[in-house]
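Student: Got a structure for you, written out below as structure tokens; questions coming shortly.
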Amino acid sequence: MLFSLINKYISINPKNDILSGLTVALALVPEAVAFALLAGVGPLVGLYAAFTIGLVTSIIGGRPGMISGATGAIAVVIGTLVAVHGVEYLFAAVVLTGLIQIAFGLLKLGKFIRLVPHPVFLGFVNGIAMVIFIGQIKQFKIGDAWITGEPLMIMLAIIAATMAIIYLLPKFTKVVPEILVAVIVGSLAVIWLGLDTRTVGDVASIKGGIPAFHIPDVAFSFETLTIIFPYALTMALVGLIESLLTLNLVDDLTETTGQPNRESVGQGVANTLTGLFGGMGGCAMVGQSIINIKSGGRGRLSGIVASVALLLFILYLSEYIEMIPIAVLIGVMFMVVIGTFEWCTLSLFGKIPALDIVTGISVAVITVLTDNLALAVIVGVILSALSFAWESASKIFVKQHQNDKGNNVYEVHGTLFFASKEHFQELFNPKADTNDVYIDFGNARVLDHSAIQAIDKLAIRYKRIGKTLHLQHLSAECRLLLKTAKNLVEVNVLEDPTYHIADDKLA
């Protein structure tokens, strides 16, 4: 049992996991600091979140190789809470966020991520890539002024050199992660050449101690709950959506399968603990996860090493980490953008339905404009559902023939539901029909109460002009719900279908 436990955290290639973990830790520093400042809290609040969440999810989460920490999506949500009520309310909200996520996982709701269609996933990935890119462009400003002249030229040269190392090194050797080499070589070159450029230390100091256990200093009352619950629920949903979509992305990159429900619980435990240890909360990080995968990290060890290394940076190596040029990290993130963006989507125009293209673009644009992944994904799912309903509604049709008595027989093909009910009515002309009409549903599916009402309505149309409608091959549930047309159904126990329909009257 002990061997099995150890084997779970020591991957097939521990060297790659260790080196990729160190690479991720270097890239985590400016990201965590930037997101903390965006949320209106101190840098260490973001760094502690990156350490705690990264460590816990790496140990108990459902996706080895995925990196979690403080993220921009969470920072955007909590800014108002911090500004109005203070950081202690933030910690309380983060704890509640974790409890909601744990409940989500225990109820096995992670499976619903499968409802996210591929166009929405593509839009999510491309939107994230653009958000990362825009985030790096902001680094070319100091305050409200853009960097110009020689400082700009130095930054661009460092960025270009960093990107060149990351691109070219794998063509010669894959012994060490190219991103780690680029960060080390770029930093040493800047120091050796004495180039005047901004470093991590110019953004904020990362020196600190070990995170201390701290119960949020808020009143345990219903009033407090009413303040933090809306933020906690939003953080929980945003965090789970981003984490589970990132899980799918890592699944695709590694050709393996993660565990959504276990990851939901892992994210919940991580956020609960980070709220108790002075962290701002967070979720899976797309950029850092891709850096880890591209650097060879596959196992849980990579995330553990990244988190522990980050804590060591805070405790003992802050003065050295603060010497890393911002331009080097920008170069790294630019390569992440190139690797994250699904360039294949540019070739899909004219090859897939236009509504799928619109859905993907909408998700990407909403992600960029609002930095609200939950909103973007929800809008994308709604658009995809409407697109599916529209397409399905147009595919219902009938095949007409006459039986041996000369009566019209209509074989219905397709799906009858709320979106196709009007088209279904248009397929029949009672005035021009024979006195007895047979409608065969053997090749159709009746899905909801709107479909039942459509059948009843059709029966009324025939009844008004004195003609008789005969309904064949309807399921038992359909027969149960019909009103006007109930007595028109011809029951054939051996041939009638047994599928279920969606209707609250059967609940």
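Residues in the structure tokens are numbered from 1 in each chain, the chains being A, B, ... in the order shown, and ligands are numbered from 1 in the order shown.
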Write out as an MDAnalysis selection string all residues of stretch 330-504 of chain A that backbone DSSP assigns to strand (DSSP E or B).
Tutor: chainID A and resid 397:402 408:416 436:446 448 468:472 489:490 502
Student: Please report, as JSON lines, each residue of stretch 10-54 of chain A lying at most 6 Å from stretch 293-303 of chain A, together with the nearest pair of atoms and the separation in Å rounded to one decimal; use only C-alpha atoms, and order rows by chain and ascending residue number.
Tutor:
```
{"residue": "A:Ser11", "atom": "CA", "partner": "A:Gly299", "partner_atom": "CA", "distance": 5.2}
{"residue": "A:Asn16", "atom": "CA", "partner": "A:Gly296", "partner_atom": "CA", "distance": 5.3}
{"residue": "A:Asp17", "atom": "CA", "partner": "A:Ser302", "partner_atom": "CA", "distance": 4.3}
{"residue": "A:Ile18", "atom": "CA", "partner": "A:Ser302", "partner_atom": "CA", "distance": 5.6}
{"residue": "A:Ser20", "atom": "CA", "partner": "A:Ser295", "partner_atom": "CA", "distance": 5.1}
{"residue": "A:Gly21", "atom": "CA", "partner": "A:Ser302", "partner_atom": "CA", "distance": 4.5}
```
Student: Go ahead and dump the residues you just picked, C-alpha atoms, as a PDB file, in the first residue's frame.
Tutor:
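Done, and the output landed in result-v4.pdb:
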```
ATOM      1  CA  SER A  11       6.000   9.755 -12.066  1.00  0.00           C
ATOM      2  CA  ASN A  16      11.051  16.075 -16.241  1.00  0.00           C
ATOM      3  CA  ASP A  17       8.516  16.712 -13.491  1.00  0.00           C
ATOM      4  CA  ILE A  18      11.096  18.385 -11.252  1.00  0.00           C
ATOM      5  CA  SER A  20       9.125  21.539 -15.351  1.00  0.00           C
ATOM      6  CA  GLY A  21       7.962  22.297 -11.800  1.00  0.00           C
TER       7      GLY A  21
END
```
Student: Using only C-alpha atoms, find the one residue out of A:Thr173, A:Ser347, A:Thr71, A:Thr257 that sits nearest to A:Ile132.
Tutor: A:Thr71
Student: As number ranges by chain, please: the residues near A:His423 (cut-off 10 Å, only C-alpha atoms, same-chain neighbours under 2 positions excluded).
Tutor: A: 393-397, 416, 419-421, 425-428
Student: Go through A:Val238, A:Ile74, A:Val265, A:Leu276 and flag the residue nearest A:Asp217, using only C-alpha atoms for the distances.
Tutor: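 Of A:Val238, A:Ile74, A:Val265, A:Leu276, the one nearest A:Asp217 is A:Leu276, counting only C-alpha atoms.
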Student: Show me, as a PyMOL selection string, the residues that have an atom within 10 Å of stretch 221-224 of chain A when counting only C-alpha atoms, minus same-chain residues fewer than 5 positions from it.
Tutor: chain A and resi 89+92-93+229
Student: Using Å and a single decimal, report how far atom CA of A:Leu245 sits from atom CA of A:Val337.
Tutor: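 Between these atoms lies a distance of 16.8 Å.
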Student: Can you list, as a PyMOL selection string, every protein, DNA or RNA residue that comes within 12 Å of A:Val332 when you count only C-alpha atoms, leaving out same-chain residues fewer than 4 positions away?
Tutor: chain A and resi 23-24+26-28+30+132-133+136+158-167+178-184+186+287-288+290-291+294-295+325-328+336-339
Student: Just to be explicit: take each residue in the selection above, keep N, CA and C atoms, and write the result as a short mmCIF file (atom, residue, chain, number, x, y, z; two decimals), in the first residue's frame.
Tutor:
```cif
data_model
loop_
_atom_site.label_atom_id
_atom_site.label_comp_id
_atom_site.auth_asym_id
_atom_site.auth_seq_id
_atom_site.Cartn_x
_atom_site.Cartn_y
_atom_site.Cartn_z
N THR A 23 10.35 25.39 -13.60
CA THR A 23 10.00 26.35 -14.65
C THR A 23 8.69 27.04 -14.33
N VAL A 24 7.70 26.25 -13.95
CA VAL A 24 6.38 26.80 -13.62
C VAL A 24 6.47 27.75 -12.43
N LEU A 26 8.91 29.68 -11.53
CA LEU A 26 9.45 30.96 -11.97
C LEU A 26 8.38 31.80 -12.67
N ALA A 27 7.55 31.13 -13.47
CA ALA A 27 6.51 31.85 -14.20
C ALA A 27 5.33 32.22 -13.30
N LEU A 28 5.16 31.51 -12.19
CA LEU A 28 4.05 31.79 -11.29
C LEU A 28 4.21 33.12 -10.56
N PRO A 30 5.39 36.38 -11.20
CA PRO A 30 4.78 37.63 -11.68
C PRO A 30 3.27 37.51 -11.89
N ILE A 132 -4.24 36.30 -22.17
CA ILE A 132 -2.82 36.22 -21.77
C ILE A 132 -2.00 37.21 -22.59
N PHE A 133 -2.28 37.28 -23.89
CA PHE A 133 -1.54 38.20 -24.77
C PHE A 133 -1.76 39.65 -24.35
N GLN A 136 0.16 40.63 -21.32
CA GLN A 136 1.58 40.90 -21.53
C GLN A 136 1.78 42.28 -22.16
N ILE A 158 15.10 41.43 -25.71
CA ILE A 158 15.10 40.36 -24.71
C ILE A 158 13.95 39.39 -24.99
N ILE A 159 12.79 39.94 -25.32
CA ILE A 159 11.62 39.09 -25.64
C ILE A 159 11.93 38.20 -26.83
N ALA A 160 12.49 38.80 -27.89
CA ALA A 160 12.80 38.05 -29.11
C ALA A 160 13.82 36.95 -28.82
N ALA A 161 14.83 37.27 -28.02
CA ALA A 161 15.86 36.28 -27.70
C ALA A 161 15.27 35.13 -26.88
N THR A 162 14.41 35.47 -25.93
CA THR A 162 13.76 34.44 -25.11
C THR A 162 12.91 33.51 -25.98
N MET A 163 12.12 34.09 -26.87
CA MET A 163 11.27 33.29 -27.74
C MET A 163 12.11 32.42 -28.68
N ALA A 164 13.23 32.96 -29.13
CA ALA A 164 14.10 32.19 -30.03
C ALA A 164 14.69 30.98 -29.33
N ILE A 165 15.08 31.14 -28.05
CA ILE A 165 15.62 30.01 -27.29
C ILE A 165 14.56 28.93 -27.12
N ILE A 166 13.35 29.36 -26.76
CA ILE A 166 12.26 28.39 -26.53
C ILE A 166 11.93 27.65 -27.82
N TYR A 167 12.00 28.34 -28.94
CA TYR A 167 11.66 27.73 -30.22
C TYR A 167 12.78 26.82 -30.75
N GLU A 178 13.04 23.83 -22.32
CA GLU A 178 13.52 25.01 -23.03
C GLU A 178 13.09 26.30 -22.33
N ILE A 179 11.94 26.29 -21.67
CA ILE A 179 11.47 27.50 -20.99
C ILE A 179 12.37 27.82 -19.80
N LEU A 180 12.77 26.79 -19.04
CA LEU A 180 13.67 27.00 -17.91
C LEU A 180 15.00 27.56 -18.38
N VAL A 181 15.53 27.00 -19.46
CA VAL A 181 16.80 27.49 -20.02
C VAL A 181 16.66 28.94 -20.45
N ALA A 182 15.55 29.26 -21.10
CA ALA A 182 15.34 30.63 -21.59
C ALA A 182 15.30 31.62 -20.44
N VAL A 183 14.63 31.26 -19.33
CA VAL A 183 14.54 32.16 -18.18
C VAL A 183 15.92 32.37 -17.55
N ILE A 184 16.66 31.28 -17.37
CA ILE A 184 17.99 31.38 -16.73
C ILE A 184 18.97 32.14 -17.63
N GLY A 186 18.34 34.14 -20.19
CA GLY A 186 17.93 35.53 -20.38
C GLY A 186 18.25 36.39 -19.18
N GLY A 287 -2.37 29.02 -18.71
CA GLY A 287 -1.01 29.30 -19.16
C GLY A 287 0.04 28.46 -18.46
N GLN A 288 -0.04 28.40 -17.12
CA GLN A 288 0.94 27.65 -16.35
C GLN A 288 0.84 26.15 -16.61
N ILE A 290 -0.09 24.78 -19.42
CA ILE A 290 0.52 24.52 -20.73
C ILE A 290 2.04 24.57 -20.63
N ILE A 291 2.56 25.53 -19.85
CA ILE A 291 4.01 25.59 -19.64
C ILE A 291 4.50 24.27 -19.04
N LYS A 294 4.25 21.48 -21.75
CA LYS A 294 5.26 21.68 -22.79
C LYS A 294 6.67 21.43 -22.27
N SER A 295 6.87 21.62 -20.96
CA SER A 295 8.19 21.39 -20.36
C SER A 295 8.41 19.95 -19.95
N PRO A 325 14.23 39.48 -15.35
CA PRO A 325 13.64 40.57 -16.14
C PRO A 325 12.19 40.27 -16.53
N ILE A 326 11.37 41.27 -16.46
CA ILE A 326 9.97 41.13 -16.87
C ILE A 326 9.91 40.73 -18.35
N ALA A 327 10.83 41.26 -19.16
CA ALA A 327 10.83 40.97 -20.59
C ALA A 327 11.03 39.48 -20.87
N VAL A 328 11.82 38.80 -20.06
CA VAL A 328 12.03 37.36 -20.23
C VAL A 328 10.71 36.62 -20.01
N VAL A 336 3.59 30.89 -24.88
CA VAL A 336 2.42 30.18 -24.35
C VAL A 336 1.19 30.55 -25.18
N VAL A 337 1.07 31.83 -25.52
CA VAL A 337 -0.06 32.28 -26.35
C VAL A 337 -0.06 31.56 -27.69
N ILE A 338 1.11 31.49 -28.31
CA ILE A 338 1.22 30.82 -29.61
C ILE A 338 0.84 29.35 -29.49
N GLY A 339 1.26 28.72 -28.41
CA GLY A 339 0.94 27.31 -28.21
C GLY A 339 -0.49 27.05 -27.77
#
```
Student: Of the residues A:Gly281, A:Lys141, A:Ile215, A:Gly62, which is the one nearest to A:Thr256, using only C-alpha atoms?
Tutor: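 Between A:Gly281, A:Lys141, A:Ile215, A:Gly62, the residue approaching A:Thr256 most closely is A:Gly62.
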Student: Env of stretch 407-412 of chain A: 9 Å cut, atoms = only C-alpha atoms, seq-sep filter 2 positions within chain, self excluded. Answer as a PyMOL selection string.
Tutor: chain A and resi 396-405+414-415+433-444
Student: With only C-alpha atoms as the basis for distance, which of A:Tyr231, A:Phe313, A:Phe277, A:Phe418 is at the shortest distance from A:Leu22?
Tutor: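 Looking only at the distances to A:Leu22, the closest residue turns out to be A:Phe313.
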Student: Can you work out which one of A:Met66, A:Leu37, A:Val45, A:Gly72 has the shortest atom-to-atom distance to A:Thr370, counting only C-alpha atoms?
Tutor: A:Gly72
Student: Need the shell around A:Ala36: protein/DNA/RNA residues with any atom at most 6 Å away, counting only C-alpha atoms. Skip same-chain ones fewer than 5 positions apart. Format as JSON, numbers by chain?
Tutor: {"A": [41, 43, 46]}
Student: For A:Pro211, which of A:Gly54, A:Gly40, A:Gly79, A:Gly275 is the closest residue, counting only C-alpha atoms?
Tutor: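 Using only C-alpha atoms, A:Pro211 sits closest to A:Gly275.
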Student: Could you tell me how far atom CA of A:Gly201 lies from atom CA of A:Val56, in Å and to one decimal?
Tutor: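 So the two atoms, atom CA of A:Gly201 and atom CA of A:Val56, lie 27.5 Å apart.
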Student: Separation of atom CA of A:Glu150 and atom CA of A:Thr197, in Å?
Tutor: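 These two atoms are separated by 9.9 Å.
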Student: Could you give me the residues within stretch 324-504 of chain A that DSSP places in alpha helix (DSSP H), as a JSON list (two decimals) with C-alpha atoms, in the first residue's frame?
Tutor:
```
[["chain", "number", "residue", "atom", "x", "y", "z"],
["A", 326, "ILE", "CA", 9.97, 41.13, -16.87],
["A", 327, "ALA", "CA", 10.83, 40.97, -20.59],
["A", 328, "VAL", "CA", 12.03, 37.36, -20.23],
["A", 329, "LEU", "CA", 8.72, 36.35, -18.68],
["A", 330, "ILE", "CA", 6.82, 38.24, -21.38],
["A", 331, "GLY", "CA", 8.71, 36.21, -23.99],
["A", 332, "VAL", "CA", 7.73, 33.01, -22.19],
["A", 333, "MET", "CA", 4.07, 34.00, -22.09],
["A", 334, "PHE", "CA", 4.09, 35.02, -25.76],
["A", 335, "MET", "CA", 5.19, 31.49, -26.61],
["A", 336, "VAL", "CA", 2.42, 30.18, -24.35],
["A", 337, "VAL", "CA", -0.06, 32.28, -26.35],
["A", 338, "ILE", "CA", 1.22, 30.82, -29.61],
["A", 339, "GLY", "CA", 0.94, 27.31, -28.21],
["A", 340, "THR", "CA", -2.48, 27.89, -26.64],
["A", 354, "ALA", "CA", -21.96, 29.32, -39.41],
["A", 355, "LEU", "CA", -23.67, 29.15, -36.00],
["A", 356, "ASP", "CA", -20.73, 27.12, -34.64],
["A", 357, "ILE", "CA", -18.35, 29.82, -35.88],
["A", 358, "VAL", "CA", -20.50, 32.54, -34.27],
["A", 359, "THR", "CA", -20.57, 30.58, -30.99],
["A", 360, "GLY", "CA", -16.80, 30.16, -30.85],
["A", 361, "ILE", "CA", -16.15, 33.82, -31.66],
["A", 362, "SER", "CA", -18.76, 34.96, -29.11],
["A", 363, "VAL", "CA", -17.15, 32.94, -26.32],
["A", 364, "ALA", "CA", -13.70, 34.31, -27.18],
["A", 365, "VAL", "CA", -14.91, 37.92, -27.38],
["A", 366, "ILE", "CA", -16.85, 37.73, -24.10],
["A", 367, "THR", "CA", -13.82, 36.18, -22.41],
["A", 368, "VAL", "CA", -11.59, 39.02, -23.62],
["A", 369, "LEU", "CA", -14.01, 41.87, -22.91],
["A", 370, "THR", "CA", -15.27, 40.75, -19.50],
["A", 373, "LEU", "CA", -15.14, 32.76, -18.18],
["A", 374, "ALA", "CA", -18.33, 31.56, -16.52],
["A", 375, "LEU", "CA", -20.43, 34.10, -18.43],
["A", 376, "ALA", "CA", -18.61, 33.33, -21.69],
["A", 377, "VAL", "CA", -19.10, 29.57, -21.37],
["A", 378, "ILE", "CA", -22.75, 29.87, -20.30],
["A", 379, "VAL", "CA", -23.50, 32.13, -23.28],
["A", 380, "GLY", "CA", -21.66, 29.67, -25.53],
["A", 381, "VAL", "CA", -23.64, 26.69, -24.25],
["A", 382, "ILE", "CA", -26.92, 28.59, -24.74],
["A", 383, "LEU", "CA", -25.95, 29.56, -28.31],
["A", 384, "SER", "CA", -24.97, 25.96, -29.07],
["A", 385, "ALA", "CA", -28.25, 24.67, -27.66],
["A", 386, "LEU", "CA", -30.23, 27.14, -29.74],
["A", 387, "SER", "CA", -28.18, 26.20, -32.80],
["A", 388, "PHE", "CA", -28.87, 22.51, -32.20],
["A", 389, "ALA", "CA", -32.58, 23.17, -31.69],
["A", 390, "TRP", "CA", -32.75, 25.19, -34.89],
["A", 391, "GLU", "CA", -30.97, 22.51, -36.92],
["A", 392, "SER", "CA", -33.06, 19.68, -35.44],
["A", 393, "ALA", "CA", -36.31, 21.56, -35.98],
["A", 421, "LYS", "CA", -43.76, 21.76, -33.45],
["A", 422, "GLU", "CA", -44.70, 24.59, -35.87],
["A", 423, "HIS", "CA", -42.96, 22.94, -38.80],
["A", 424, "PHE", "CA", -44.74, 19.70, -37.86],
["A", 425, "GLN", "CA", -48.13, 21.43, -38.21],
["A", 426, "GLU", "CA", -47.19, 22.77, -41.65],
["A", 449, "HIS", "CA", -44.74, 18.33, -23.66],
["A", 450, "SER", "CA", -44.69, 20.82, -26.56],
["A", 451, "ALA", "CA", -44.62, 17.83, -28.91],
["A", 452, "ILE", "CA", -47.63, 16.28, -27.14],
["A", 453, "GLN", "CA", -49.54, 19.55, -27.49],
["A", 454, "ALA", "CA", -48.63, 19.67, -31.20],
["A", 455, "ILE", "CA", -50.15, 16.20, -31.72],
["A", 456, "ASP", "CA", -53.30, 17.20, -29.81],
["A", 457, "LYS", "CA", -53.56, 20.40, -31.84],
["A", 458, "LEU", "CA", -53.30, 18.43, -35.09],
["A", 459, "ALA", "CA", -56.05, 16.09, -33.90],
["A", 460, "ILE", "CA", -58.30, 19.08, -33.21],
["A", 461, "ARG", "CA", -57.69, 20.41, -36.73],
["A", 462, "TYR", "CA", -58.88, 17.14, -38.28],
["A", 463, "LYS", "CA", -61.79, 16.77, -35.84],
["A", 464, "ARG", "CA", -63.15, 20.23, -36.68],
["A", 476, "ALA", "CA", -46.87, 4.66, -23.53],
["A", 477, "GLU", "CA", -45.84, 7.99, -21.98],
["A", 478, "CYS", "CA", -47.10, 9.86, -25.04],
["A", 479, "ARG", "CA", -50.43, 8.10, -24.82],
["A", 480, "LEU", "CA", -50.67, 8.96, -21.14],
["A", 481, "LEU", "CA", -50.23, 12.69, -21.74]]
```
